[in-house]
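So this one's coords09.cif, mmCIF, N, CA and C atoms:
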data_query
#
loop_
_atom_site.label_atom_id
_atom_site.label_comp_id
_atom_site.auth_asym_id
_atom_site.auth_seq_id
_atom_site.Cartn_x
_atom_site.Cartn_y
_atom_site.Cartn_z
N MET A 1 58.02 112.45 122.44
CA MET A 1 58.33 112.33 121.03
C MET A 1 59.77 111.86 120.83
N ARG A 2 60.68 112.39 121.62
CA ARG A 2 62.09 111.99 121.51
C ARG A 2 62.25 110.50 121.80
N GLU A 3 61.47 109.97 122.75
CA GLU A 3 61.53 108.55 123.10
C GLU A 3 61.12 107.69 121.91
N HIS A 4 60.15 108.15 121.14
CA HIS A 4 59.72 107.38 119.98
C HIS A 4 60.81 107.31 118.91
N LYS A 5 61.63 108.33 118.77
CA LYS A 5 62.74 108.31 117.82
C LYS A 5 63.72 107.20 118.19
N LYS A 6 64.00 107.06 119.50
CA LYS A 6 64.90 106.00 119.95
C LYS A 6 64.29 104.63 119.67
N GLU A 7 62.99 104.51 119.93
CA GLU A 7 62.30 103.24 119.67
C GLU A 7 62.31 102.91 118.19
N GLU A 8 62.06 103.91 117.34
CA GLU A 8 62.07 103.69 115.89
C GLU A 8 63.45 103.25 115.42
N THR A 9 64.50 103.87 115.93
CA THR A 9 65.86 103.49 115.54
C THR A 9 66.17 102.07 116.00
N ALA A 10 65.79 101.74 117.23
CA ALA A 10 66.02 100.38 117.74
C ALA A 10 65.23 99.36 116.94
N LEU A 11 63.98 99.66 116.63
CA LEU A 11 63.16 98.74 115.83
C LEU A 11 63.71 98.59 114.41
N PHE A 12 64.21 99.68 113.85
CA PHE A 12 64.78 99.65 112.50
C PHE A 12 65.96 98.69 112.44
N PHE A 13 66.92 98.86 113.33
CA PHE A 13 68.11 98.01 113.31
C PHE A 13 67.79 96.58 113.74
N THR A 14 66.88 96.42 114.68
CA THR A 14 66.47 95.07 115.10
C THR A 14 65.77 94.36 113.94
N GLY A 15 64.92 95.08 113.23
CA GLY A 15 64.19 94.49 112.09
C GLY A 15 65.14 94.01 111.01
N TRP A 16 66.13 94.84 110.65
CA TRP A 16 67.07 94.41 109.62
C TRP A 16 67.96 93.28 110.12
N ALA A 17 68.28 93.26 111.42
CA ALA A 17 69.06 92.14 111.97
C ALA A 17 68.25 90.85 111.88
N LEU A 18 66.95 90.93 112.16
CA LEU A 18 66.08 89.74 112.06
C LEU A 18 65.96 89.27 110.61
N VAL A 19 65.88 90.19 109.68
CA VAL A 19 65.82 89.82 108.26
C VAL A 19 67.12 89.11 107.87
N PHE A 20 68.25 89.65 108.30
CA PHE A 20 69.54 89.05 108.00
C PHE A 20 69.63 87.64 108.60
N MET A 21 69.22 87.49 109.86
CA MET A 21 69.25 86.18 110.51
C MET A 21 68.32 85.20 109.81
N ALA A 22 67.16 85.66 109.36
CA ALA A 22 66.22 84.79 108.65
C ALA A 22 66.83 84.29 107.34
N VAL A 23 67.53 85.17 106.62
CA VAL A 23 68.18 84.77 105.37
C VAL A 23 69.27 83.75 105.65
N VAL A 24 70.08 83.97 106.68
CA VAL A 24 71.13 83.02 107.04
C VAL A 24 70.53 81.67 107.41
N LEU A 25 69.48 81.68 108.23
CA LEU A 25 68.83 80.42 108.61
C LEU A 25 68.23 79.71 107.41
N TYR A 26 67.65 80.45 106.51
CA TYR A 26 67.10 79.85 105.30
C TYR A 26 68.20 79.19 104.47
N LEU A 27 69.32 79.89 104.31
CA LEU A 27 70.43 79.32 103.55
C LEU A 27 70.97 78.07 104.22
N LEU A 28 71.09 78.08 105.55
CA LEU A 28 71.53 76.88 106.27
C LEU A 28 70.54 75.73 106.07
N TYR A 29 69.27 76.06 106.11
CA TYR A 29 68.23 75.05 105.92
C TYR A 29 68.33 74.42 104.53
N ARG A 30 68.58 75.25 103.53
CA ARG A 30 68.65 74.75 102.15
C ARG A 30 69.96 74.01 101.87
N LEU A 31 71.04 74.42 102.52
CA LEU A 31 72.35 73.84 102.22
C LEU A 31 72.71 72.64 103.09
N LEU A 32 72.17 72.57 104.29
CA LEU A 32 72.49 71.47 105.20
C LEU A 32 71.30 70.53 105.35
N PRO A 33 71.36 69.35 104.78
CA PRO A 33 70.22 68.42 104.85
C PRO A 33 70.15 67.73 106.22
N LEU A 34 69.61 68.43 107.19
CA LEU A 34 69.43 67.88 108.54
C LEU A 34 67.96 67.61 108.80
N PRO A 35 67.63 66.70 109.71
CA PRO A 35 66.21 66.42 110.03
C PRO A 35 65.62 67.49 110.95
N TYR A 36 65.29 68.64 110.37
CA TYR A 36 64.78 69.77 111.15
C TYR A 36 63.43 69.48 111.79
N GLU A 37 62.67 68.55 111.22
CA GLU A 37 61.36 68.22 111.77
C GLU A 37 61.48 67.70 113.20
N LYS A 38 62.60 67.05 113.51
CA LYS A 38 62.79 66.49 114.84
C LYS A 38 63.03 67.58 115.89
N LEU A 39 63.37 68.78 115.44
CA LEU A 39 63.56 69.90 116.37
C LEU A 39 62.23 70.53 116.78
N MET A 40 61.18 70.24 116.04
CA MET A 40 59.87 70.82 116.32
C MET A 40 59.26 70.17 117.55
N VAL A 41 58.84 70.97 118.48
CA VAL A 41 58.24 70.48 119.72
C VAL A 41 56.75 70.83 119.68
N SER A 42 55.91 69.89 120.08
CA SER A 42 54.47 70.18 120.08
C SER A 42 54.14 71.10 121.27
N CYS A 43 53.03 71.78 121.17
CA CYS A 43 52.61 72.74 122.19
C CYS A 43 52.23 72.02 123.48
N ILE A 44 52.85 72.40 124.57
CA ILE A 44 52.59 71.78 125.87
C ILE A 44 51.16 72.10 126.33
N PHE A 45 50.73 73.33 126.12
CA PHE A 45 49.38 73.74 126.52
C PHE A 45 48.33 72.90 125.78
N TYR A 46 48.52 72.74 124.47
CA TYR A 46 47.58 71.95 123.66
C TYR A 46 47.61 70.48 124.08
N SER A 47 48.80 69.96 124.32
CA SER A 47 48.94 68.56 124.74
C SER A 47 48.25 68.30 126.07
N ALA A 48 48.31 69.28 126.97
CA ALA A 48 47.74 69.10 128.30
C ALA A 48 46.24 69.35 128.36
N THR A 49 45.75 70.32 127.57
CA THR A 49 44.34 70.72 127.70
C THR A 49 43.48 70.37 126.50
N GLY A 50 44.09 70.17 125.34
CA GLY A 50 43.30 69.96 124.13
C GLY A 50 42.82 71.26 123.53
N LEU A 51 43.21 72.38 124.12
CA LEU A 51 42.86 73.70 123.62
C LEU A 51 44.10 74.37 123.03
N TYR A 52 43.86 75.32 122.15
CA TYR A 52 44.97 76.04 121.54
C TYR A 52 45.47 77.13 122.49
N CYS A 53 46.78 77.30 122.53
CA CYS A 53 47.36 78.41 123.29
C CYS A 53 47.32 79.65 122.41
N PRO A 54 47.61 80.83 122.96
CA PRO A 54 47.57 82.04 122.12
C PRO A 54 48.56 82.03 120.95
N GLY A 55 49.60 81.20 121.00
CA GLY A 55 50.58 81.16 119.92
C GLY A 55 50.42 80.00 118.96
N CYS A 56 49.49 79.09 119.26
CA CYS A 56 49.32 77.91 118.39
C CYS A 56 49.00 78.34 116.96
N GLY A 57 49.68 77.70 116.03
CA GLY A 57 49.49 78.00 114.62
C GLY A 57 50.53 78.96 114.07
N GLY A 58 51.34 79.54 114.94
CA GLY A 58 52.33 80.52 114.50
C GLY A 58 53.37 79.96 113.55
N THR A 59 53.89 78.79 113.87
CA THR A 59 54.91 78.18 113.01
C THR A 59 54.31 77.82 111.66
N ARG A 60 53.12 77.27 111.66
CA ARG A 60 52.45 76.94 110.39
C ARG A 60 52.14 78.20 109.60
N ALA A 61 51.80 79.28 110.31
CA ALA A 61 51.51 80.54 109.63
C ALA A 61 52.76 81.09 108.95
N VAL A 62 53.90 81.00 109.61
CA VAL A 62 55.16 81.46 109.01
C VAL A 62 55.48 80.60 107.78
N SER A 63 55.34 79.29 107.92
CA SER A 63 55.61 78.39 106.81
C SER A 63 54.69 78.69 105.62
N ALA A 64 53.41 78.88 105.90
CA ALA A 64 52.46 79.19 104.83
C ALA A 64 52.81 80.52 104.16
N LEU A 65 53.18 81.50 104.96
CA LEU A 65 53.56 82.81 104.42
C LEU A 65 54.77 82.69 103.51
N LEU A 66 55.77 81.91 103.94
CA LEU A 66 56.97 81.73 103.12
C LEU A 66 56.69 80.94 101.85
N HIS A 67 55.61 80.16 101.84
CA HIS A 67 55.22 79.41 100.64
C HIS A 67 54.21 80.20 99.79
N GLY A 68 53.92 81.44 100.17
CA GLY A 68 53.01 82.28 99.40
C GLY A 68 51.54 81.98 99.62
N LYS A 69 51.21 81.23 100.65
CA LYS A 69 49.81 80.89 100.94
C LYS A 69 49.30 81.85 102.02
N PHE A 70 48.91 83.03 101.59
CA PHE A 70 48.58 84.11 102.51
C PHE A 70 47.30 83.83 103.31
N LEU A 71 46.28 83.27 102.67
CA LEU A 71 45.04 82.97 103.38
C LEU A 71 45.28 81.89 104.43
N THR A 72 46.04 80.86 104.08
CA THR A 72 46.36 79.81 105.04
C THR A 72 47.15 80.39 106.21
N SER A 73 48.09 81.26 105.91
CA SER A 73 48.86 81.91 106.96
C SER A 73 47.94 82.69 107.91
N PHE A 74 47.01 83.43 107.34
CA PHE A 74 46.08 84.21 108.15
C PHE A 74 45.20 83.31 109.01
N ILE A 75 44.75 82.20 108.46
CA ILE A 75 43.90 81.28 109.22
C ILE A 75 44.69 80.63 110.35
N CYS A 76 45.94 80.26 110.07
CA CYS A 76 46.76 79.62 111.11
C CYS A 76 47.02 80.57 112.27
N HIS A 77 47.45 81.76 112.00
CA HIS A 77 47.65 82.77 113.04
C HIS A 77 47.73 84.13 112.37
N PRO A 78 46.68 84.96 112.49
CA PRO A 78 46.62 86.23 111.78
C PRO A 78 47.72 87.21 112.13
N LEU A 79 48.29 87.09 113.31
CA LEU A 79 49.34 88.05 113.70
C LEU A 79 50.58 87.93 112.82
N VAL A 80 50.87 86.75 112.31
CA VAL A 80 52.06 86.56 111.48
C VAL A 80 51.96 87.40 110.21
N LEU A 81 50.84 87.31 109.51
CA LEU A 81 50.67 88.08 108.27
C LEU A 81 50.62 89.58 108.57
N CYS A 82 49.92 89.97 109.62
CA CYS A 82 49.84 91.38 109.99
C CYS A 82 51.21 91.94 110.34
N THR A 83 52.00 91.15 111.07
CA THR A 83 53.35 91.57 111.44
C THR A 83 54.25 91.67 110.22
N ALA A 84 54.12 90.72 109.29
CA ALA A 84 54.94 90.75 108.08
C ALA A 84 54.64 92.00 107.25
N VAL A 85 53.36 92.32 107.10
CA VAL A 85 52.98 93.49 106.31
C VAL A 85 53.41 94.78 107.02
N THR A 86 53.07 94.90 108.28
CA THR A 86 53.40 96.11 109.03
C THR A 86 54.91 96.27 109.19
N GLY A 87 55.59 95.19 109.57
CA GLY A 87 57.04 95.25 109.74
C GLY A 87 57.76 95.50 108.44
N GLY A 88 57.27 94.87 107.37
CA GLY A 88 57.87 95.08 106.05
C GLY A 88 57.77 96.53 105.62
N TRP A 89 56.58 97.12 105.78
CA TRP A 89 56.41 98.52 105.39
C TRP A 89 57.25 99.43 106.29
N PHE A 90 57.32 99.11 107.58
CA PHE A 90 58.14 99.90 108.49
C PHE A 90 59.60 99.92 108.01
N LEU A 91 60.15 98.74 107.72
CA LEU A 91 61.55 98.67 107.30
C LEU A 91 61.78 99.37 105.96
N ILE A 92 60.89 99.16 105.01
CA ILE A 92 61.06 99.79 103.70
C ILE A 92 60.93 101.31 103.80
N SER A 93 59.88 101.78 104.47
CA SER A 93 59.66 103.23 104.54
C SER A 93 60.75 103.93 105.37
N GLN A 94 61.17 103.30 106.46
CA GLN A 94 62.25 103.89 107.26
C GLN A 94 63.56 103.90 106.47
N SER A 95 63.82 102.84 105.70
CA SER A 95 65.05 102.79 104.90
C SER A 95 65.06 103.89 103.86
N ILE A 96 63.93 104.08 103.17
CA ILE A 96 63.84 105.15 102.15
C ILE A 96 64.08 106.50 102.80
N GLU A 97 63.44 106.74 103.94
CA GLU A 97 63.61 108.03 104.61
C GLU A 97 65.05 108.23 105.07
N ARG A 98 65.67 107.22 105.63
CA ARG A 98 67.05 107.35 106.12
C ARG A 98 68.05 107.49 104.97
N ILE A 99 67.86 106.73 103.89
CA ILE A 99 68.77 106.83 102.74
C ILE A 99 68.67 108.21 102.09
N SER A 100 67.47 108.78 102.08
CA SER A 100 67.28 110.11 101.48
C SER A 100 67.73 111.25 102.40
N GLY A 101 68.26 110.90 103.56
CA GLY A 101 68.68 111.94 104.50
C GLY A 101 67.49 112.66 105.11
N HIS A 102 66.39 111.96 105.26
CA HIS A 102 65.13 112.46 105.83
C HIS A 102 64.48 113.54 104.96
N ARG A 103 64.86 113.58 103.66
CA ARG A 103 64.19 114.51 102.74
C ARG A 103 62.85 113.94 102.28
N ILE A 104 62.79 112.62 102.10
CA ILE A 104 61.54 111.95 101.73
C ILE A 104 60.95 111.42 103.04
N LYS A 105 59.96 112.08 103.55
CA LYS A 105 59.41 111.75 104.87
C LYS A 105 58.23 110.79 104.74
N ILE A 106 58.55 109.52 104.46
CA ILE A 106 57.50 108.51 104.37
C ILE A 106 57.66 107.44 105.43
N GLY A 107 58.64 107.61 106.30
CA GLY A 107 58.93 106.59 107.31
C GLY A 107 57.75 106.36 108.24
N MET A 108 57.36 105.11 108.36
CA MET A 108 56.29 104.74 109.28
C MET A 108 56.76 105.05 110.70
N ARG A 109 55.91 105.64 111.50
CA ARG A 109 56.26 106.01 112.87
C ARG A 109 55.75 104.98 113.85
N TYR A 110 56.51 104.79 114.92
CA TYR A 110 56.10 103.88 115.99
C TYR A 110 54.93 104.50 116.75
N ARG A 111 53.94 103.66 117.04
CA ARG A 111 52.80 104.05 117.87
C ARG A 111 52.50 102.89 118.81
N ASP A 112 52.16 103.19 120.05
CA ASP A 112 51.78 102.15 121.00
C ASP A 112 50.56 101.37 120.50
N PHE A 113 49.76 102.01 119.66
CA PHE A 113 48.58 101.40 119.08
C PHE A 113 48.90 100.07 118.40
N TYR A 114 50.07 99.97 117.76
CA TYR A 114 50.44 98.74 117.07
C TYR A 114 50.61 97.58 118.04
N ILE A 115 51.18 97.86 119.20
CA ILE A 115 51.36 96.81 120.22
C ILE A 115 50.01 96.36 120.76
N TRP A 116 49.14 97.32 121.05
CA TRP A 116 47.81 96.99 121.58
C TRP A 116 46.99 96.23 120.54
N THR A 117 47.13 96.60 119.28
CA THR A 117 46.43 95.90 118.21
C THR A 117 46.92 94.46 118.11
N ALA A 118 48.24 94.26 118.19
CA ALA A 118 48.80 92.90 118.14
C ALA A 118 48.27 92.06 119.30
N LEU A 119 48.22 92.64 120.48
CA LEU A 119 47.69 91.92 121.64
C LEU A 119 46.22 91.56 121.42
N GLY A 120 45.46 92.48 120.86
CA GLY A 120 44.05 92.21 120.56
C GLY A 120 43.90 91.09 119.54
N ILE A 121 44.76 91.06 118.52
CA ILE A 121 44.71 90.00 117.51
C ILE A 121 44.99 88.65 118.16
N VAL A 122 45.98 88.60 119.04
CA VAL A 122 46.32 87.34 119.72
C VAL A 122 45.16 86.86 120.57
N ILE A 123 44.54 87.76 121.32
CA ILE A 123 43.43 87.39 122.20
C ILE A 123 42.22 86.92 121.38
N ILE A 124 41.87 87.67 120.34
CA ILE A 124 40.73 87.29 119.50
C ILE A 124 40.99 85.96 118.81
N ASN A 125 42.21 85.76 118.30
CA ASN A 125 42.57 84.49 117.66
C ASN A 125 42.41 83.34 118.65
N PHE A 126 42.90 83.51 119.86
CA PHE A 126 42.80 82.50 120.91
C PHE A 126 41.34 82.15 121.20
N ILE A 127 40.51 83.15 121.35
CA ILE A 127 39.09 82.94 121.67
C ILE A 127 38.36 82.27 120.50
N VAL A 128 38.55 82.77 119.30
CA VAL A 128 37.85 82.24 118.13
C VAL A 128 38.23 80.79 117.86
N LYS A 129 39.52 80.49 117.85
CA LYS A 129 39.95 79.11 117.57
C LYS A 129 39.40 78.13 118.60
N ASN A 130 39.44 78.52 119.88
CA ASN A 130 38.96 77.61 120.92
C ASN A 130 37.44 77.52 120.94
N LEU A 131 36.73 78.61 120.63
CA LEU A 131 35.27 78.53 120.52
C LEU A 131 34.86 77.61 119.38
N LEU A 132 35.52 77.77 118.23
CA LEU A 132 35.22 76.88 117.10
C LEU A 132 35.46 75.43 117.47
N LEU A 133 36.54 75.19 118.21
CA LEU A 133 36.90 73.83 118.59
C LEU A 133 35.93 73.26 119.63
N LEU A 134 35.59 74.03 120.64
CA LEU A 134 34.74 73.54 121.73
C LEU A 134 33.26 73.49 121.38
N VAL A 135 32.77 74.54 120.74
CA VAL A 135 31.33 74.65 120.50
C VAL A 135 30.90 73.93 119.22
N TRP A 136 31.64 74.11 118.14
CA TRP A 136 31.23 73.54 116.86
C TRP A 136 32.12 72.40 116.39
N ASN A 137 33.11 72.04 117.17
CA ASN A 137 34.03 70.95 116.84
C ASN A 137 34.74 71.18 115.50
N ILE A 138 35.09 72.44 115.25
CA ILE A 138 35.83 72.81 114.04
C ILE A 138 37.28 73.09 114.45
N ASP A 139 38.18 72.29 113.93
CA ASP A 139 39.60 72.42 114.24
C ASP A 139 40.30 73.03 113.03
N LEU A 140 40.57 74.34 113.10
CA LEU A 140 41.15 75.04 111.96
C LEU A 140 42.56 74.57 111.61
N LEU A 141 43.29 74.07 112.58
CA LEU A 141 44.68 73.69 112.34
C LEU A 141 44.87 72.20 112.06
N GLN A 142 43.80 71.43 112.15
CA GLN A 142 43.91 69.98 112.04
C GLN A 142 44.48 69.52 110.70
N ASN A 143 43.99 70.03 109.61
CA ASN A 143 44.38 69.52 108.30
C ASN A 143 45.41 70.39 107.61
N ILE A 144 45.98 71.34 108.33
CA ILE A 144 46.97 72.23 107.72
C ILE A 144 48.36 71.71 108.07
N SER A 145 49.06 71.23 107.06
CA SER A 145 50.43 70.82 107.26
C SER A 145 51.22 71.23 106.02
N LEU A 146 52.22 72.03 106.25
CA LEU A 146 53.05 72.51 105.17
C LEU A 146 54.48 72.05 105.39
N PRO A 147 55.22 71.83 104.34
CA PRO A 147 56.63 71.48 104.52
C PRO A 147 57.38 72.67 105.09
N LEU A 148 58.23 72.42 106.05
CA LEU A 148 59.01 73.51 106.64
C LEU A 148 60.24 73.69 105.88
#
Starting from the file, give its structure as structure tokens.
Amino acid sequence: MREHKKEETALFFTGWALVFMAVVLYLLYRLLPLPYEKLMVSCIFYSATGLYCPGCGGTRAVSALLHGKFLTSFICHPLVLCTAVTGGWFLISQSIERISGHRIKIGMRYRDFYIWTALGIVIINFIVKNLLLLVWNIDLLQNISLPL
């Protein structure tokens, strides 16, 4: 149990650091007109095999999520939306509990189950996208392009 407290504290500060970095990157993106599209590299696994890797669609899912297109984000890569919801609630609930001096005990607790669930989502996403592509010739990511 004590180990989970350390993990929760590390996740809490790491999460807020990531939020801060995301805000800074967003501001740089909006303020500096650079050709960011040229920094995007296509998936080596997809280029070599024609199949999706376990992470394919992640960047599009983040872009769709930031544009408020939740269903598109889920279709591109379901882990992104699940992580945003779970991580968001973790940060909010932990912040409320810590600001209240642990009097309001609503802080989401770390469980190994979340990691195993994320791994399961990645594996299922990988299998489903490639089955749709190979068996039924349905390419879920083909026509999805959002401005970054």
message: Excluding region 87-101 of chain A and its own-chain neighbours fewer than 5 positions away, which residues fall within 8 Å of it when counting all atoms listed in the file? Please give them as a VMD selection string.
response: chain A and resid 11 to 12 15 to 16 81 to 82 106 to 109
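The point (45.4, 81.0, 103.9) has these residues within 12 Å of it, counting only C-alpha atoms: Gly57, Arg60, Ala61, Val62, Ser63, Ala64, Leu65, Leu66, His67, Gly68, Lys69, Phe70, Leu71, Thr72, Ser73, Phe74, Ile75, Cys76, His77, Pro78, Val80, Leu81, Leu140, Leu141, Ile144, Ser145 and Leu146 of chain A.
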Just the selected residues (N, CA and C atoms), exported as a compact mmCIF listing (two decimals), in the frame of the given file, please.
# COMPACT_ATOMS: atom_id res chain seq x y z
N GLY A 57 49.68 77.70 116.03
CA GLY A 57 49.49 78.00 114.62
C GLY A 57 50.53 78.96 114.07
N ARG A 60 53.12 77.27 111.66
CA ARG A 60 52.45 76.94 110.39
C ARG A 60 52.14 78.20 109.60
N ALA A 61 51.80 79.28 110.31
CA ALA A 61 51.51 80.54 109.63
C ALA A 61 52.76 81.09 108.95
N VAL A 62 53.90 81.00 109.61
CA VAL A 62 55.16 81.46 109.01
C VAL A 62 55.48 80.60 107.78
N SER A 63 55.34 79.29 107.92
CA SER A 63 55.61 78.39 106.81
C SER A 63 54.69 78.69 105.62
N ALA A 64 53.41 78.88 105.90
CA ALA A 64 52.46 79.19 104.83
C ALA A 64 52.81 80.52 104.16
N LEU A 65 53.18 81.50 104.96
CA LEU A 65 53.56 82.81 104.42
C LEU A 65 54.77 82.69 103.51
N LEU A 66 55.77 81.91 103.94
CA LEU A 66 56.97 81.73 103.12
C LEU A 66 56.69 80.94 101.85
N HIS A 67 55.61 80.16 101.84
CA HIS A 67 55.22 79.41 100.64
C HIS A 67 54.21 80.20 99.79
N GLY A 68 53.92 81.44 100.17
CA GLY A 68 53.01 82.28 99.40
C GLY A 68 51.54 81.98 99.62
N LYS A 69 51.21 81.23 100.65
CA LYS A 69 49.81 80.89 100.94
C LYS A 69 49.30 81.85 102.02
N PHE A 70 48.91 83.03 101.59
CA PHE A 70 48.58 84.11 102.51
C PHE A 70 47.30 83.83 103.31
N LEU A 71 46.28 83.27 102.67
CA LEU A 71 45.04 82.97 103.38
C LEU A 71 45.28 81.89 104.43
N THR A 72 46.04 80.86 104.08
CA THR A 72 46.36 79.81 105.04
C THR A 72 47.15 80.39 106.21
N SER A 73 48.09 81.26 105.91
CA SER A 73 48.86 81.91 106.96
C SER A 73 47.94 82.69 107.91
N PHE A 74 47.01 83.43 107.34
CA PHE A 74 46.08 84.21 108.15
C PHE A 74 45.20 83.31 109.01
N ILE A 75 44.75 82.20 108.46
CA ILE A 75 43.90 81.28 109.22
C ILE A 75 44.69 80.63 110.35
N CYS A 76 45.94 80.26 110.07
CA CYS A 76 46.76 79.62 111.11
C CYS A 76 47.02 80.57 112.27
N HIS A 77 47.45 81.76 112.00
CA HIS A 77 47.65 82.77 113.04
C HIS A 77 47.73 84.13 112.37
N PRO A 78 46.68 84.96 112.49
CA PRO A 78 46.62 86.23 111.78
C PRO A 78 47.72 87.21 112.13
N VAL A 80 50.87 86.75 112.31
CA VAL A 80 52.06 86.56 111.48
C VAL A 80 51.96 87.40 110.21
N LEU A 81 50.84 87.31 109.51
CA LEU A 81 50.67 88.08 108.27
C LEU A 81 50.62 89.58 108.57
N LEU A 140 40.57 74.34 113.10
CA LEU A 140 41.15 75.04 111.96
C LEU A 140 42.56 74.57 111.61
N LEU A 141 43.29 74.07 112.58
CA LEU A 141 44.68 73.69 112.34
C LEU A 141 44.87 72.20 112.06
N ILE A 144 45.98 71.34 108.33
CA ILE A 144 46.97 72.23 107.72
C ILE A 144 48.36 71.71 108.07
N SER A 145 49.06 71.23 107.06
CA SER A 145 50.43 70.82 107.26
C SER A 145 51.22 71.23 106.02
N LEU A 146 52.22 72.03 106.25
CA LEU A 146 53.05 72.51 105.17
C LEU A 146 54.48 72.05 105.39
message: With distances taken over only C-alpha atoms, which residue among A:Met40, A:Leu51, A:Leu28, A:Ala17 lies nearest Val135 (chain A)?
response: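 Ranked by minimum distance to Val135 (chain A), first place goes to A:Leu51.
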- prompt: If you measure from atom C of His4 (chain A) to atom C of Ile124 (chain A), what distance in Å do you get, rounded to one decimal?
  reply: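 For atom C of His4 (chain A) relative to atom C of Ile124 (chain A), the distance reads 29.1 Å.
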- prompt: What does the distance between CA of Phe126 (chain A) and CA of Tyr52 (chain A) come to in Å, to one decimal place?
  reply: 6.8 Å
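In this structure, atom N of Leu119 (chain A) sits 8.3 Å away from CA of Leu79 (chain A).
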Go ahead and fit an axis-aligned box to every listed atom of region 140-143 of chain A plus 6 Å each side, and pass me the centre and edge lengths in Å, one decimal, as AutoDock Vina command-line options.
--center_x 43.0 --center_y 72.3 --center_z 110.4 --size_x 16.8 --size_y 17.5 --size_z 17.5
task: Counting all atoms listed in the file, figure out which residue out of A:Lys5, A:Val122, A:Ile138, A:Leu132 gets nearest to Cys53 (chain A).
output: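 When distances to Cys53 (chain A) are compared using all atoms listed in the file, the smallest one comes from A:Val122.
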- request: May I have all residues of chain A that DSSP, computed from the backbone, assigns to alpha helix (DSSP H), given as an NGL selection string?
  value: :A and (2-31 or 44-49 or 58-66 or 70-76 or 78-99 or 112-135)
query: So which one's closest to Ala10 (chain A), A:Asn125, A:Gly120, A:Tyr110, A:Phe45? Using only C-alpha atoms, please.
result: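 The answer is A:Tyr110, which sits nearest to Ala10 (chain A).
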